[in-house]
Amino acid sequence: MTDRFVHISHLTKRFGDHTAVRNVSFEVPRGSTLALLGPSGCGKTTILRCLAGLETPDGGTIEIAGIPVFDSAQRIDLMPEKRELGIVFQSYAVWPHMTVAENVAFPLKVRGMGKAERLERASRMLDIVGLKGFEHRSATLVSGGQQQRIALARALVAEPRLVLFDEALSNLDAQLREQMRLELRLLQERLGFTAIYVTHDQAEAFGLADTVVLMNQGAIETMGPARDVFRRPATPFVARFFGLNVLEATLLGRIEGTPYVEVALGAHLTTRARAGSGLVASVGDPVLACIRKEHVRVEQAPMPDSYAGTIEAASFLGVAEEYIVKIDEIAIRATRPAAGFARGDSVHVGMSPDDWIVLQPGETA
Amino acid sequence: MNTGAQGRFLQRALPIAGVTIGVLLIAGPFLATIIRSLLVWDGDSVAIEAGNFLRLFGDPRFVSAALNTLIAGSCTTILALLLGFSLAWLVARTDMPGRSWLETANLVPFFLSPYVGAISWIYLLAPHGGLLPWLARTYLGVSLEWLDIYSMGGVIFVLTLFYTPYVYLFVIGPLRQMDAALEDAARVHGASFWYTLSHITLPLVMPALLSAGLIVFVTSAGLFDVPLALASPRGIRFMPTEIFSMVQYPSDLGRAAAFGIVVLTVTIVLTLLQRRFIANRRFDTVTGKGYRPRQIRLRTGGKIAALTLEAVYVGGGVILPLVALLMVSFSKLWTGRFLWRTATTGNFEYVLTKYDLTRTAITNSLFLALVGATWGVALAVLQSYYLTRGNPKRRALVDALLSLPLGIPGIILGLGFLILAIRTPLYSTLTIILIAYIARFFPFATRTVTAMFLAINPELEQSARSAGASWLQTMRLIVLPLLRPALIAAWLMLFVIFIRELGATILLYAQGTETISVAMVVLSERSSGYVAALAVVQLVMLLAAFAIMRLTRTSMSQG
Ligand SMILES: Nc1ncnc2c1ncn2[C@@H]1O[C@H](COP(=O)(O)OP(=O)(O)OP(=O)(O)O)[C@@H](O)[C@H]1O
Ligand SMILES: [Mg+2]
């Protein structure tokens, strides 16, 4: 209990008739990192803004460091400035009428720290984010990546115990983003803050977070340790969001004593597959069979558990190639190191029963 | 081949002609004023010397007029900035109830006549016979007799009501477009609401506030209407009224011209300073990314405060003056309260049908506004073409020259044209008034049209030319239709300004060329009922233009 740093429970936020956040609950342990992941418009930013006190939720409670900052029943709603957080916005929100140092020292200034001391601390923070010597520049005269670092330094300078990031890396180019991701992890270890990242980029979520919360239309679709969420998609929505092949299938039977089932895809393709959690379908019912693109092997020669197919389309992605392979009427996407197949080539497609996962079709599917 | 050469000639010559006319309209009265200020008559001989200036500076009336004008201008500027920013912020950034309606209501004073506003406030707050003191005494038992509208305070009050919309218009755009994350970041990092407002929001709109402040200062200080109504009756001197009295018999045009030069110098120096200062401090506060305009939720107390401020402003600037005006215009004899028993439409009948002066004035005003607005817009189109498509090296200079009249008081320009026309056949004609109007106000139209011109991709014209259209055809079939919204807006704005103009007209009118505003001044000695009826007639014209402007704007944004 003591290490539960952020606790959100039954959070609901409506805009007019539109419910942007629906009964959301999760907790974040002290010093750990949580990523709020989901497609555009699913309510990630709204949750973050509720946490920061920038929106007033319609129901639920929010607790930070054991202190209720919002409680709809008890009419508690702490002002944003009383919550002692740091925040980095997607637009950076670096103030153009201040110098770099003034931007970074702002949180210290409003806390009443003397000028010399706060500039000194701002300098140290700028040093940490790699902007040494930029103190007296006008904040508008630096590049996007540098503005992002200013925003980061500003969020961290007052040593808040919780830092919120709203799409903080998405405006950077790929290389810089990679670099910042690593630096952020190091910074977090060094400064020991708890972090919540909002992102719609799965690589970012997995690269940064211990726990991932995947949102769908305002509600939590699934959450858990980053690895589990990614490896074992819980629902068809999750599978689709992570880009798995999601194929309609029919349940042929369960294999007693094992976690496997037998499914049929189309007329000729039957396979054993793992049963996903919450699979309640009975024999003959429609289900969804999912497999990760990287787990679909495409070779010239036959191999175990393989089927004959034809390349329908091929696209070159640099290191890898992506294919759409047809096995009879079923189209499956596959990613593999460049092999040079072209449209119309006859190939063999291998898919191991352990890589298949069978899910219950839901309303969200 | 011949037509091709002709077309090319027109394409070059017409915009240059527009610019030349504009420059002449400004340079003419300007030079006339300078020259006249240096001429001193001694009997029949004329000398060029500084005598006018020496006599002016030695005159205690000049000192008190200049001082009063500075005080009124500064106070008005500060109050209008406070009020205009507050109202714009409430409308643009909060969930104040009724703000879509108030957004328009806040702009109404912009379209009304300050002279009429001042006389309405006389009806409301004159120490003897004012409506409000009577109401306060009768219903609240409070004495308001100490409130005297004929005072420096009264001038500042009425000026503030009329100049607040300038500030409002300048800052509402930046406030709307500002990335709300700039303020949110301050709140999350520990700043209170008020600290954020004063240290983040306010500095970010400071460039707009400074521009607005300068315009309000120079135009409010130069306004003739309000001091004439509220200060002259008590002998409180102001720059515009002082120049006016210098031109009256026994006139001293030399000294008036010297005064004019002093005012022109101050105005131009301030304008240039502002240009330099603003150029260095324009912030890009619109990031576009992750931006969502956010409304600040007011609590009950905040809502009450906001609506009170709106009530004071819209009440003081629109509703109370309107009510007082209607009451007086329907009263046989105004005694400070409205009596249904003696209500009459006689004032309107008299003003509209019986009295030659007012009938002529109405016709003259309509003629000046209709013809003047049309010429002004035509000039603006040609100038805007030059400013956006003409010689790039000269554009900046031409732009600076052509915007000079923006800050020049009407009475100073009127004086310049008076000096120019005084011994010519133009003297005491409607034509000279028309020319003065266009000279003083065409930059407003040019600004509006230029802004729209900038938004039109030149490729639209180029493709019409490639398709075989001549320059004139391209203008007629492509450019003018695209400019239409700006043309309508500019035309209506000039119409409104010309219908209520007083400062320039008062020096140029003669018997037979009175305008509505002049007729009100002339009649103000005689009957408040006639004045009020005339003011209502003028108001109807102004509000009609305002309504058309709003309607065309909504239909434009929908279409
Ligand atoms: N102030 C507001 N007024 C009305 N609707 C809003 C407001 N803020 C958010 N919404 C709506 O709530 C929903 C959730 O928005 P939110 O910004 O939280 O999504 P998001 O997950 O952050 O999306 P994105 O990835 O595009 O940033 C959206 O449908 C949005 O249109
Ligand atoms: Mg978002």
# chains A, B, ... in the order shown; residues from 1 in each chain; ligands from 1
>>> residues_near_ligand(ligand="ligand 1", cutoff="6 Å", atoms="only C-alpha atoms and all ligand atoms", output="PyMOL selection string")
(chain A and resi 15+20+39-46+200) or (chain B and resi 294)
>>> write_last_selection(atoms="all heavy atoms", output="compact mmCIF listing (two decimals), in the first residue's frame")
# COMPACT_ATOMS: atom_id res chain seq x y z
N PHE A 15 -17.72 15.62 -21.68
CA PHE A 15 -17.78 16.92 -22.35
C PHE A 15 -19.13 16.98 -23.03
O PHE A 15 -19.33 16.33 -24.05
CB PHE A 15 -16.68 17.08 -23.38
CG PHE A 15 -15.30 17.14 -22.80
CD1 PHE A 15 -14.43 16.08 -22.94
CD2 PHE A 15 -14.88 18.25 -22.09
CE1 PHE A 15 -13.15 16.14 -22.40
CE2 PHE A 15 -13.61 18.31 -21.55
CZ PHE A 15 -12.75 17.25 -21.71
N ALA A 20 -15.71 11.30 -22.34
CA ALA A 20 -14.32 11.18 -22.80
C ALA A 20 -13.56 10.16 -21.96
O ALA A 20 -12.67 9.49 -22.47
CB ALA A 20 -13.63 12.54 -22.74
N PRO A 39 -5.56 4.77 -29.28
CA PRO A 39 -5.73 5.54 -30.51
C PRO A 39 -6.18 6.97 -30.22
O PRO A 39 -6.59 7.29 -29.10
CB PRO A 39 -6.81 4.78 -31.27
CG PRO A 39 -7.54 4.01 -30.23
CD PRO A 39 -6.58 3.73 -29.14
N SER A 40 -6.11 7.81 -31.22
CA SER A 40 -6.44 9.21 -31.07
C SER A 40 -7.88 9.36 -30.58
O SER A 40 -8.78 8.67 -31.04
CB SER A 40 -6.27 9.91 -32.41
OG SER A 40 -6.45 11.27 -32.25
N GLY A 41 -8.06 10.27 -29.61
CA GLY A 41 -9.41 10.57 -29.13
C GLY A 41 -9.93 9.62 -28.09
O GLY A 41 -11.09 9.69 -27.70
N CYS A 42 -9.08 8.70 -27.58
CA CYS A 42 -9.59 7.71 -26.64
C CYS A 42 -9.62 8.23 -25.21
O CYS A 42 -10.08 7.55 -24.31
CB CYS A 42 -8.77 6.44 -26.70
SG CYS A 42 -7.10 6.66 -26.08
N GLY A 43 -9.12 9.44 -24.97
CA GLY A 43 -9.25 10.02 -23.64
C GLY A 43 -7.97 10.06 -22.82
O GLY A 43 -8.00 10.38 -21.64
N LYS A 44 -6.83 9.78 -23.44
CA LYS A 44 -5.56 9.76 -22.71
C LYS A 44 -5.24 11.14 -22.13
O LYS A 44 -4.95 11.28 -20.93
CB LYS A 44 -4.41 9.35 -23.64
CG LYS A 44 -4.66 8.08 -24.41
CD LYS A 44 -3.53 7.78 -25.38
CE LYS A 44 -3.33 8.82 -26.45
NZ LYS A 44 -4.22 8.72 -27.61
N THR A 45 -5.27 12.14 -23.00
CA THR A 45 -4.93 13.48 -22.54
C THR A 45 -5.88 13.93 -21.45
O THR A 45 -5.49 14.58 -20.48
CB THR A 45 -4.97 14.46 -23.73
OG1 THR A 45 -3.99 14.05 -24.66
CG2 THR A 45 -4.69 15.87 -23.29
N THR A 46 -7.15 13.56 -21.61
CA THR A 46 -8.13 13.99 -20.61
C THR A 46 -7.79 13.43 -19.24
O THR A 46 -7.88 14.14 -18.23
CB THR A 46 -9.53 13.55 -21.07
OG1 THR A 46 -9.74 14.02 -22.39
CG2 THR A 46 -10.59 14.12 -20.16
N HIS A 200 0.50 7.61 -28.28
CA HIS A 200 -0.22 6.67 -29.12
C HIS A 200 0.75 5.78 -29.88
O HIS A 200 0.37 5.03 -30.76
CB HIS A 200 -1.19 7.39 -30.06
CG HIS A 200 -0.52 8.38 -30.96
ND1 HIS A 200 -0.59 9.73 -30.74
CD2 HIS A 200 0.26 8.21 -32.03
CE1 HIS A 200 0.11 10.35 -31.66
NE2 HIS A 200 0.64 9.46 -32.46
N ARG B 294 -9.02 26.29 -24.64
CA ARG B 294 -9.63 25.79 -23.43
C ARG B 294 -10.37 26.92 -22.73
O ARG B 294 -9.92 28.03 -22.69
CB ARG B 294 -8.55 25.25 -22.49
CG ARG B 294 -9.10 24.39 -21.40
CD ARG B 294 -7.95 23.68 -20.72
NE ARG B 294 -7.10 24.63 -20.04
CZ ARG B 294 -7.31 25.02 -18.79
NH1 ARG B 294 -8.33 24.57 -18.12
NH2 ARG B 294 -6.50 25.87 -18.22
>>> residues_around(residues="Ala195 in chain A", least_positions_apart="3", cutoff="9 Å", atoms="only C-alpha atoms", output="list in words")
Val28, Arg30, Gly31, Ser32, Thr33, Leu34, Ala35, Arg161, Leu162, Val163, Leu164, Phe165, Gln188 and Ala209 of chain A
>>> write_last_selection(atoms="N, CA and C atoms", output="PDB file, in the first residue's frame")
ATOM      1  N   VAL A  28      -0.319   3.637  -9.784  1.00  0.00           N
ATOM      2  CA  VAL A  28       1.072   3.662 -10.233  1.00  0.00           C
ATOM      3  C   VAL A  28       1.955   3.593  -8.996  1.00  0.00           C
ATOM      4  N   ARG A  30       5.209   3.955  -6.595  1.00  0.00           N
ATOM      5  CA  ARG A  30       6.203   5.014  -6.461  1.00  0.00           C
ATOM      6  C   ARG A  30       7.440   4.707  -7.297  1.00  0.00           C
ATOM      7  N   GLY A  31       7.887   5.708  -8.028  1.00  0.00           N
ATOM      8  CA  GLY A  31       9.116   5.571  -8.796  1.00  0.00           C
ATOM      9  C   GLY A  31       8.975   4.776 -10.084  1.00  0.00           C
ATOM     10  N   SER A  32       7.776   4.294 -10.381  1.00  0.00           N
ATOM     11  CA  SER A  32       7.647   3.509 -11.601  1.00  0.00           C
ATOM     12  C   SER A  32       7.042   4.361 -12.718  1.00  0.00           C
ATOM     13  N   THR A  33       6.905   3.744 -13.858  1.00  0.00           N
ATOM     14  CA  THR A  33       6.454   4.482 -15.032  1.00  0.00           C
ATOM     15  C   THR A  33       5.248   3.796 -15.631  1.00  0.00           C
ATOM     16  N   LEU A  34       4.256   4.591 -15.938  1.00  0.00           N
ATOM     17  CA  LEU A  34       3.051   4.051 -16.553  1.00  0.00           C
ATOM     18  C   LEU A  34       2.841   4.749 -17.887  1.00  0.00           C
ATOM     19  N   ALA A  35       2.451   3.971 -18.876  1.00  0.00           N
ATOM     20  CA  ALA A  35       2.137   4.590 -20.159  1.00  0.00           C
ATOM     21  C   ALA A  35       0.650   4.436 -20.421  1.00  0.00           C
ATOM     22  N   ARG A 161       7.497  14.866  -7.421  1.00  0.00           N
ATOM     23  CA  ARG A 161       7.563  13.414  -7.280  1.00  0.00           C
ATOM     24  C   ARG A 161       6.786  12.717  -8.384  1.00  0.00           C
ATOM     25  N   LEU A 162       5.971  13.522  -9.107  1.00  0.00           N
ATOM     26  CA  LEU A 162       5.212  12.944 -10.217  1.00  0.00           C
ATOM     27  C   LEU A 162       5.363  13.846 -11.438  1.00  0.00           C
ATOM     28  N   VAL A 163       5.748  13.261 -12.562  1.00  0.00           N
ATOM     29  CA  VAL A 163       5.897  14.049 -13.785  1.00  0.00           C
ATOM     30  C   VAL A 163       5.001  13.452 -14.863  1.00  0.00           C
ATOM     31  N   LEU A 164       4.254  14.342 -15.539  1.00  0.00           N
ATOM     32  CA  LEU A 164       3.317  13.907 -16.579  1.00  0.00           C
ATOM     33  C   LEU A 164       3.863  14.304 -17.947  1.00  0.00           C
ATOM     34  N   PHE A 165       3.743  13.409 -18.888  1.00  0.00           N
ATOM     35  CA  PHE A 165       4.236  13.683 -20.251  1.00  0.00           C
ATOM     36  C   PHE A 165       3.100  13.457 -21.228  1.00  0.00           C
ATOM     37  N   GLN A 188      15.139   9.353 -14.835  1.00  0.00           N
ATOM     38  CA  GLN A 188      14.170   8.896 -13.860  1.00  0.00           C
ATOM     39  C   GLN A 188      14.847   8.065 -12.774  1.00  0.00           C
ATOM     40  N   ALA A 209       7.839   2.379 -20.349  1.00  0.00           N
ATOM     41  CA  ALA A 209       6.952   2.130 -19.211  1.00  0.00           C
ATOM     42  C   ALA A 209       7.123   0.748 -18.608  1.00  0.00           C
TER      43      ALA A 209
END
>>> interface_residues(of="chain A", to="chain B", cutoff="6 Å", atoms="only C-alpha atoms", output="JSON, numbers by chain")
{"A": [80, 81, 90, 91, 93, 107, 110]}
>>> write_last_selection(atoms="C-alpha atoms", output="PDB file, in the first residue's frame")
ATOM      1  CA  PRO A  80      -3.303  22.623 -10.292  1.00  0.00           C
ATOM      2  CA  GLU A  81      -0.623  24.651  -8.532  1.00  0.00           C
ATOM      3  CA  GLN A  90       3.314  18.009 -26.757  1.00  0.00           C
ATOM      4  CA  SER A  91       3.555  21.635 -27.884  1.00  0.00           C
ATOM      5  CA  ALA A  93       4.559  25.338 -24.100  1.00  0.00           C
ATOM      6  CA  PRO A 107       8.571  26.717 -10.868  1.00  0.00           C
ATOM      7  CA  VAL A 110       6.631  30.853  -7.875  1.00  0.00           C
TER       8      VAL A 110
END
>>> select_by_dssp(residues="range 160-267 of chain A", states="alpha helix (DSSP H)", output="number ranges by chain")
A: 174-191, 202-208, 226-231, 236-241
>>> atom_distance(atom1="CA of Ile8 in chain A", atom2="CA of Leu108 in chain A")
27.9 Å
>>> atom_distance(atom1="CA of Phe110 in chain B", atom2="CA of Gly154 in chain B")
18.6 Å
>>> residues_around(residues="range 491-496 of chain B", least_positions_apart="2", cutoff="6 Å", atoms="only C-alpha atoms", output="ChimeraX atom specification")
/B:369,373,487-489,498-499,542
>>> write_last_selection(atoms="all heavy atoms", output="PDB file, in the first residue's frame")
ATOM      1  N   ALA B 369     -21.421  59.918 -47.160  1.00  0.00           N
ATOM      2  CA  ALA B 369     -21.085  58.559 -46.742  1.00  0.00           C
ATOM      3  C   ALA B 369     -21.126  57.602 -47.930  1.00  0.00           C
ATOM      4  O   ALA B 369     -20.225  56.778 -48.105  1.00  0.00           O
ATOM      5  CB  ALA B 369     -22.037  58.107 -45.647  1.00  0.00           C
ATOM      6  N   ALA B 373     -17.524  56.514 -49.224  1.00  0.00           N
ATOM      7  CA  ALA B 373     -17.146  55.121 -48.972  1.00  0.00           C
ATOM      8  C   ALA B 373     -16.789  54.446 -50.288  1.00  0.00           C
ATOM      9  O   ALA B 373     -15.819  53.685 -50.370  1.00  0.00           O
ATOM     10  CB  ALA B 373     -18.275  54.386 -48.270  1.00  0.00           C
ATOM     11  N   LEU B 487     -14.124  44.056 -49.281  1.00  0.00           N
ATOM     12  CA  LEU B 487     -14.664  45.288 -49.867  1.00  0.00           C
ATOM     13  C   LEU B 487     -15.919  45.717 -49.121  1.00  0.00           C
ATOM     14  O   LEU B 487     -16.102  46.890 -48.802  1.00  0.00           O
ATOM     15  CB  LEU B 487     -14.979  45.088 -51.357  1.00  0.00           C
ATOM     16  CG  LEU B 487     -13.781  44.703 -52.235  1.00  0.00           C
ATOM     17  CD1 LEU B 487     -14.201  44.631 -53.699  1.00  0.00           C
ATOM     18  CD2 LEU B 487     -12.650  45.708 -52.063  1.00  0.00           C
ATOM     19  N   ILE B 488     -16.784  44.750 -48.839  1.00  0.00           N
ATOM     20  CA  ILE B 488     -18.013  45.068 -48.105  1.00  0.00           C
ATOM     21  C   ILE B 488     -17.666  45.607 -46.720  1.00  0.00           C
ATOM     22  O   ILE B 488     -18.188  46.641 -46.283  1.00  0.00           O
ATOM     23  CB  ILE B 488     -18.908  43.814 -47.982  1.00  0.00           C
ATOM     24  CG1 ILE B 488     -19.395  43.394 -49.368  1.00  0.00           C
ATOM     25  CG2 ILE B 488     -20.090  44.087 -47.077  1.00  0.00           C
ATOM     26  CD1 ILE B 488     -20.157  42.089 -49.373  1.00  0.00           C
ATOM     27  N   ALA B 489     -16.751  44.922 -46.049  1.00  0.00           N
ATOM     28  CA  ALA B 489     -16.388  45.348 -44.693  1.00  0.00           C
ATOM     29  C   ALA B 489     -15.800  46.757 -44.717  1.00  0.00           C
ATOM     30  O   ALA B 489     -16.174  47.613 -43.901  1.00  0.00           O
ATOM     31  CB  ALA B 489     -15.394  44.364 -44.083  1.00  0.00           C
ATOM     32  N   PHE B 498     -18.057  58.027 -41.815  1.00  0.00           N
ATOM     33  CA  PHE B 498     -18.445  59.278 -42.480  1.00  0.00           C
ATOM     34  C   PHE B 498     -19.786  59.794 -41.968  1.00  0.00           C
ATOM     35  O   PHE B 498     -20.003  60.997 -41.878  1.00  0.00           O
ATOM     36  CB  PHE B 498     -18.512  59.065 -44.004  1.00  0.00           C
ATOM     37  CG  PHE B 498     -17.160  58.803 -44.627  1.00  0.00           C
ATOM     38  CD1 PHE B 498     -17.059  58.341 -45.933  1.00  0.00           C
ATOM     39  CD2 PHE B 498     -15.992  59.016 -43.905  1.00  0.00           C
ATOM     40  CE1 PHE B 498     -15.814  58.104 -46.506  1.00  0.00           C
ATOM     41  CE2 PHE B 498     -14.746  58.774 -44.465  1.00  0.00           C
ATOM     42  CZ  PHE B 498     -14.661  58.313 -45.777  1.00  0.00           C
ATOM     43  N   ILE B 499     -20.691  58.889 -41.657  1.00  0.00           N
ATOM     44  CA  ILE B 499     -22.008  59.314 -41.162  1.00  0.00           C
ATOM     45  C   ILE B 499     -21.871  60.102 -39.860  1.00  0.00           C
ATOM     46  O   ILE B 499     -22.628  61.021 -39.589  1.00  0.00           O
ATOM     47  CB  ILE B 499     -22.919  58.069 -40.936  1.00  0.00           C
ATOM     48  CG1 ILE B 499     -23.464  57.557 -42.255  1.00  0.00           C
ATOM     49  CG2 ILE B 499     -24.061  58.383 -39.992  1.00  0.00           C
ATOM     50  CD1 ILE B 499     -24.569  58.400 -42.847  1.00  0.00           C
ATOM     51  N   LEU B 542     -26.350  54.084 -38.456  1.00  0.00           N
ATOM     52  CA  LEU B 542     -25.154  53.395 -37.972  1.00  0.00           C
ATOM     53  C   LEU B 542     -25.464  51.946 -37.620  1.00  0.00           C
ATOM     54  O   LEU B 542     -24.723  51.030 -37.985  1.00  0.00           O
ATOM     55  CB  LEU B 542     -24.599  54.111 -36.734  1.00  0.00           C
ATOM     56  CG  LEU B 542     -24.067  55.514 -36.973  1.00  0.00           C
ATOM     57  CD1 LEU B 542     -23.621  56.164 -35.683  1.00  0.00           C
ATOM     58  CD2 LEU B 542     -22.895  55.465 -37.951  1.00  0.00           C
TER      59      LEU B 542
END
>>> residues_around(residues="Leu147 in chain B", least_positions_apart="6", cutoff="12 Å", atoms="only C-alpha atoms", output="PyMOL selection string")
chain B and resi 121-122+124-128+130+132-134+136+153-154+157
>>> residues_around(residues="range 25-36 of chain B", least_positions_apart="2", cutoff="7 Å", atoms="only C-alpha atoms", output="mmCIF file with N, CA and C atoms, in the first residue's frame")
data_model
loop_
_atom_site.group_PDB
_atom_site.id
_atom_site.type_symbol
_atom_site.label_atom_id
_atom_site.label_comp_id
_atom_site.auth_asym_id
_atom_site.auth_seq_id
_atom_site.Cartn_x
_atom_site.Cartn_y
_atom_site.Cartn_z
ATOM 1 N N ILE B 21 -2.549 59.406 -55.613
ATOM 2 C CA ILE B 21 -3.659 60.174 -55.048
ATOM 3 C C ILE B 21 -3.595 60.139 -53.524
ATOM 4 N N GLY B 22 -3.333 58.943 -52.974
ATOM 5 C CA GLY B 22 -3.239 58.821 -51.525
ATOM 6 C C GLY B 22 -2.163 59.723 -50.952
ATOM 7 N N VAL B 23 -0.988 59.696 -51.590
ATOM 8 C CA VAL B 23 0.116 60.513 -51.085
ATOM 9 C C VAL B 23 -0.230 61.998 -51.185
ATOM 10 N N LEU B 38 4.347 78.791 -40.579
ATOM 11 C CA LEU B 38 5.568 79.605 -40.612
ATOM 12 C C LEU B 38 5.330 81.015 -41.160
ATOM 13 N N LEU B 39 4.108 81.238 -41.686
ATOM 14 C CA LEU B 39 3.829 82.554 -42.270
ATOM 15 C C LEU B 39 3.263 83.487 -41.198
ATOM 16 N N GLY B 254 -2.589 80.992 -38.329
ATOM 17 C CA GLY B 254 -1.160 80.736 -38.149
ATOM 18 C C GLY B 254 -0.912 79.997 -36.853
ATOM 19 N N ALA B 257 -2.305 76.545 -37.028
ATOM 20 C CA ALA B 257 -1.423 75.676 -37.806
ATOM 21 C C ALA B 257 -0.218 75.259 -36.982
ATOM 22 N N ILE B 261 0.961 71.524 -36.093
ATOM 23 C CA ILE B 261 2.275 70.931 -36.350
ATOM 24 C C ILE B 261 2.799 70.232 -35.104
ATOM 25 N N LEU B 413 -6.463 67.499 -39.813
ATOM 26 C CA LEU B 413 -6.580 67.328 -41.253
ATOM 27 C C LEU B 413 -7.578 68.331 -41.824
ATOM 28 N N GLY B 416 -5.863 71.518 -42.249
ATOM 29 C CA GLY B 416 -5.012 71.512 -43.432
ATOM 30 C C GLY B 416 -5.818 71.788 -44.693
ATOM 31 N N PHE B 417 -6.953 71.126 -44.828
ATOM 32 C CA PHE B 417 -7.777 71.341 -46.021
ATOM 33 C C PHE B 417 -8.404 72.727 -46.020
ATOM 34 N N ILE B 419 -6.943 75.415 -44.849
ATOM 35 C CA ILE B 419 -5.887 76.315 -45.307
ATOM 36 C C ILE B 419 -5.701 76.195 -46.817
ATOM 37 N N LEU B 420 -5.765 74.940 -47.327
ATOM 38 C CA LEU B 420 -5.598 74.715 -48.763
ATOM 39 C C LEU B 420 -6.714 75.366 -49.564
ATOM 40 N N ALA B 439 -9.307 61.527 -47.388
ATOM 41 C CA ALA B 439 -7.899 61.660 -47.006
ATOM 42 C C ALA B 439 -7.672 61.153 -45.593
#
>>> residues_around(residues="Pro114 in chain B", least_positions_apart="3", cutoff="7 Å", atoms="only C-alpha atoms", output="PDB file with C-alpha atoms, in the first residue's frame")
ATOM      1  CA  GLY B 117     -22.641  59.308 -26.611  1.00  0.00           C
ATOM      2  CA  ALA B 118     -21.453  62.442 -24.868  1.00  0.00           C
ATOM      3  CA  PHE B 162     -15.906  54.515 -26.925  1.00  0.00           C
ATOM      4  CA  ASP B 225     -16.559  65.460 -30.237  1.00  0.00           C
ATOM      5  CA  VAL B 226     -16.330  64.663 -26.554  1.00  0.00           C
TER       6      VAL B 226
END
>>> residues_around(residues="Arg93 in chain B", least_positions_apart="2", cutoff="12 Å", atoms="only C-alpha atoms", output="ChimeraX atom specification")
/B:85-91,95-97,99-100,103,171-180,183,197,201,292-298
>>> atom_distance(atom1="CA of Val24 in chain A", atom2="CA of Ile47 in chain A")
8.7 Å
>>> closest_residue(among="A:Met351, A:Val319, A:Val283, A:Ala52", to="Arg336 in chain A", atoms="only C-alpha atoms")
A:Val319
>>> select_by_dssp(residues="range 74-273 of chain A", states="strand (DSSP E or B)", output="PyMOL selection string")
chain A and resi 76-77+85-88+99+138+162-166+194-199+211-216+219-225+245-254+260-265+269-273
>>> closest_residue(among="A:Ala122, A:Ala289, A:Leu37, A:Val229", to="ligand 2", atoms="only C-alpha atoms and all ligand atoms")
A:Leu37
